[in-house]
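K.L.:
This is the structure, below, for whatever I ask next.
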Amino acid sequence: MSGASFSRVIALQLNVKPGALTDNLARARALLVQSGAAAGCLVVLPELWATGFDYPRCVELAGRTPALLEELRQLAAASGLVIGGSLLELPEGKGKEKKPWNTFFIVDANGVVGKYRKQHLFGFWHEDRFFAAGDRPVPITTAHGAVGPLVCYDLRFPELAAGHTFAGAQLLLVSAQWPKSRLDHWRILLQARAVENQAFVVGCNSCGPGGEIEFGGHSMVVGPDGHILAEGGQEEEVVSCALPHGAVETLRSRFCTVAERPWPGHDRDKICALSELLVKIKRIRSLGGRVAFTNGCFDLLHSGHVSYLEHARRTADLLIIGLNSDASVRRLKGDSRPVNSEQDRARVLAALGCVDFVTIFNEDTPRDLITALLPDVLVKGADWAEDEIAGAVEVKAAGGRVERVVFEHQCSTTALIEKIRY
């Protein structure tokens, strides 16, 4: 069943007042009544529609989300609706010092159908200081088909929308607080995501003043060919539209860009000498990219290594692995190691999607390599005390930080070798 099987899509364009949860909820209810939403309709709300960006109280306000979700469930049940929009989500079992997520929830009569956590935090508004970034950006399956949620700044990253549509979504939903000063970007990007994914896009934006920022409104529904099917103005209002049946299938029957995903590169190109790597990193840093670094022998790659490297990659915008050379491994682990040569080990690591660059070093520790690179984040296993981690002092002195990762899988290369032998 396609994402276009909703009887109607409705965007409730609100003037979201920071911290005014009761008032925001009352006006959302009033707009919902005004919309005339009936069974089979999909209703979309703006980003953080109940609380806005009240940073000092974000943890406190996140505690109100379960009650808000129950409110949405009751509203959905009363009229047979599906309702989506972003709210603060506090991680379960974690203390108040932890950051909440900005989460797009989809709710129907039975409760939460699924959720999507904002992937890209807008550093210009200091979101990264108060919120945690999400992971696992996958579509949400509703009774009317799969939908692909995005939250505001995520709209600028086409790979997220492409991932949703490749996984089956024909309808992309954008919950936003997009400023009036960049309203032209809002329209262009919504249309671009529709055209390149041959999918319907519903963008629900906040409007009017919100703290020190004026939000742009102009919530809209865009067809899979890029034409705007419905658009609001700059005041609170309801933007409503029926989705033409079969439009996605007809367009994709002519040519389907969503399905075309050739493998474009050669992973072995990720393996670099330090001199080449320094040039590449300089270019990336000139754009504001943050660099994470970790190191190891990675002789027999196992699930423990992979989960660790995925965590390491999530700490920054790219991940460099410093790989011990064969000679270095022999000095550390004895003449029987490594099992695999440095080139073979580097080639396997380079094939991992979470790895951006691999460079081989010959010393017993990567201290000189780390000093040359000065990563923004130095990642090591939690079994290492911070004062024992090579390069930690240098990285912190340069303004970086150390991240110690707890291993999710208790695997051992030595144990694997022993198992193979006997």
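By convention in this document, the chains of the structure tokens carry letters A, B, ... by their order, each chain's residues are numbered from 1, and ligands are numbered from 1 in the order they are shown.
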Which residues are close to Asn15 in chain A, i.e. within 8 Å by only C-alpha atoms, leaving aside same-chain residues fewer than 4 positions away? Reply as a ChimeraX atom specification.
P.N.:
/A:24,206-210,235-236
K.L.:
Any chance you could export the current selection's C-alpha atoms as a PDB file, in the first residue's frame?
P.N.:
```pdb
ATOM      1  CA  ASN A  24       0.221  25.528  21.999  1.00  0.00           C
ATOM      2  CA  SER A 206       5.667  27.170  12.321  1.00  0.00           C
ATOM      3  CA  CYS A 207       4.715  30.770  11.644  1.00  0.00           C
ATOM      4  CA  GLY A 208       5.030  34.146  13.324  1.00  0.00           C
ATOM      5  CA  PRO A 209       7.365  35.127  16.164  1.00  0.00           C
ATOM      6  CA  GLY A 210       8.965  32.431  18.300  1.00  0.00           C
ATOM      7  CA  GLU A 235      -0.446  33.186   9.580  1.00  0.00           C
ATOM      8  CA  GLU A 236      -1.880  30.312  11.568  1.00  0.00           C
TER       9      GLU A 236
END
```
K.L.:
Can you list, as a VMD selection string, all residues belonging to range 96-207 of chain A that DSSP tags as helix (DSSP H, G or I)?
P.N.:
chain A and resid 123 to 125 127 to 130 152 to 156 158 to 166 180 to 197
K.L.:
Mind writing the picked residues with N, CA and C atoms as a compact mmCIF listing (two decimals), in the first residue's frame?
P.N.:
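The resulting file, result_21.txt, is shown below:
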```
# COMPACT_ATOMS: atom_id res chain seq x y z
N GLY A 123 23.56 23.53 14.41
CA GLY A 123 24.54 24.14 15.28
C GLY A 123 24.44 25.65 15.34
N PHE A 124 23.96 26.28 14.27
CA PHE A 124 23.83 27.74 14.23
C PHE A 124 22.86 28.23 15.30
N TRP A 125 21.89 27.37 15.65
CA TRP A 125 20.95 27.69 16.74
C TRP A 125 21.30 26.93 18.02
N GLU A 127 21.51 23.82 18.70
CA GLU A 127 20.73 22.62 19.01
C GLU A 127 21.62 21.51 19.56
N ASP A 128 22.84 21.42 19.03
CA ASP A 128 23.74 20.35 19.45
C ASP A 128 24.17 20.48 20.90
N ARG A 129 24.00 21.63 21.51
CA ARG A 129 24.35 21.81 22.92
C ARG A 129 23.27 21.25 23.85
N PHE A 130 22.04 21.17 23.33
CA PHE A 130 20.92 20.81 24.20
C PHE A 130 20.23 19.51 23.82
N CYS A 152 12.91 19.43 10.13
CA CYS A 152 13.48 20.75 9.83
C CYS A 152 14.83 20.67 9.09
N TYR A 153 15.94 20.85 9.79
CA TYR A 153 17.27 20.91 9.18
C TYR A 153 17.59 19.65 8.37
N ASP A 154 16.97 18.52 8.72
CA ASP A 154 17.16 17.29 7.96
C ASP A 154 16.80 17.47 6.49
N LEU A 155 15.93 18.43 6.19
CA LEU A 155 15.49 18.66 4.82
C LEU A 155 16.65 19.00 3.90
N ARG A 156 17.72 19.56 4.47
CA ARG A 156 18.88 19.96 3.65
C ARG A 156 19.79 18.79 3.29
N PRO A 158 19.83 15.41 1.38
CA PRO A 158 19.01 14.59 0.47
C PRO A 158 19.13 13.10 0.70
N GLU A 159 20.24 12.64 1.29
CA GLU A 159 20.40 11.19 1.48
C GLU A 159 19.37 10.63 2.46
N LEU A 160 18.86 11.46 3.38
CA LEU A 160 17.86 10.98 4.32
C LEU A 160 16.54 10.70 3.60
N ALA A 161 16.09 11.64 2.77
CA ALA A 161 14.88 11.43 2.00
C ALA A 161 15.04 10.27 1.03
N ALA A 162 16.22 10.16 0.41
CA ALA A 162 16.47 9.06 -0.53
C ALA A 162 16.42 7.71 0.18
N GLY A 163 16.93 7.66 1.41
CA GLY A 163 16.86 6.42 2.18
C GLY A 163 15.43 6.03 2.47
N HIS A 164 14.59 6.99 2.81
CA HIS A 164 13.18 6.71 3.07
C HIS A 164 12.48 6.15 1.84
N THR A 165 12.67 6.81 0.71
CA THR A 165 11.94 6.38 -0.48
C THR A 165 12.46 5.06 -1.02
N PHE A 166 13.75 4.83 -0.92
CA PHE A 166 14.29 3.54 -1.36
C PHE A 166 13.74 2.40 -0.51
N LYS A 180 11.59 32.73 8.51
CA LYS A 180 11.11 33.53 7.39
C LYS A 180 12.26 34.02 6.53
N SER A 181 13.43 34.25 7.13
CA SER A 181 14.58 34.78 6.39
C SER A 181 15.11 33.81 5.34
N ARG A 182 14.79 32.52 5.50
CA ARG A 182 15.24 31.52 4.52
C ARG A 182 14.06 30.80 3.90
N LEU A 183 12.97 31.53 3.68
CA LEU A 183 11.76 30.94 3.14
C LEU A 183 11.96 30.43 1.72
N ASP A 184 12.80 31.11 0.93
CA ASP A 184 13.05 30.64 -0.43
C ASP A 184 13.72 29.26 -0.41
N HIS A 185 14.60 29.01 0.57
CA HIS A 185 15.23 27.69 0.70
C HIS A 185 14.18 26.63 1.03
N TRP A 186 13.26 26.97 1.89
CA TRP A 186 12.18 26.05 2.28
C TRP A 186 11.44 25.53 1.05
N ARG A 187 11.01 26.46 0.20
CA ARG A 187 10.25 26.06 -0.98
C ARG A 187 11.11 25.24 -1.94
N ILE A 188 12.32 25.72 -2.20
CA ILE A 188 13.21 25.03 -3.14
C ILE A 188 13.50 23.60 -2.67
N LEU A 189 13.81 23.44 -1.40
CA LEU A 189 14.20 22.14 -0.87
C LEU A 189 13.03 21.17 -0.83
N LEU A 190 11.84 21.64 -0.46
CA LEU A 190 10.67 20.76 -0.49
C LEU A 190 10.41 20.26 -1.90
N GLN A 191 10.50 21.15 -2.87
CA GLN A 191 10.27 20.75 -4.26
C GLN A 191 11.37 19.81 -4.75
N ALA A 192 12.62 20.10 -4.35
CA ALA A 192 13.74 19.25 -4.77
C ALA A 192 13.59 17.84 -4.23
N ARG A 193 13.23 17.72 -2.93
CA ARG A 193 13.07 16.39 -2.35
C ARG A 193 11.95 15.63 -3.06
N ALA A 194 10.89 16.33 -3.46
CA ALA A 194 9.80 15.67 -4.18
C ALA A 194 10.27 15.19 -5.55
N VAL A 195 10.95 16.05 -6.30
CA VAL A 195 11.37 15.72 -7.66
C VAL A 195 12.39 14.59 -7.67
N GLU A 196 13.41 14.68 -6.83
CA GLU A 196 14.48 13.68 -6.89
C GLU A 196 14.04 12.33 -6.36
N ASN A 197 12.99 12.31 -5.54
CA ASN A 197 12.50 11.04 -4.99
C ASN A 197 11.18 10.60 -5.61
```
K.L.:
Arg367 in chain A: which residues within 8 Å, counting only C-alpha atoms, same-chain residues fewer than 2 positions away excluded, as a list in words?
P.N.:
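Listing them by chain and then by number gives Thr365, Leu369, Ile370, Thr371, Ala390 and Gly391 of chain A.
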K.L.:
Hey, what's within 10 Å of Thr65 in chain A if we count only C-alpha atoms and toss same-chain stuff fewer than 6 positions away? As a ChimeraX atom specification, please?
P.N.:
/A:50-51,71,87-90
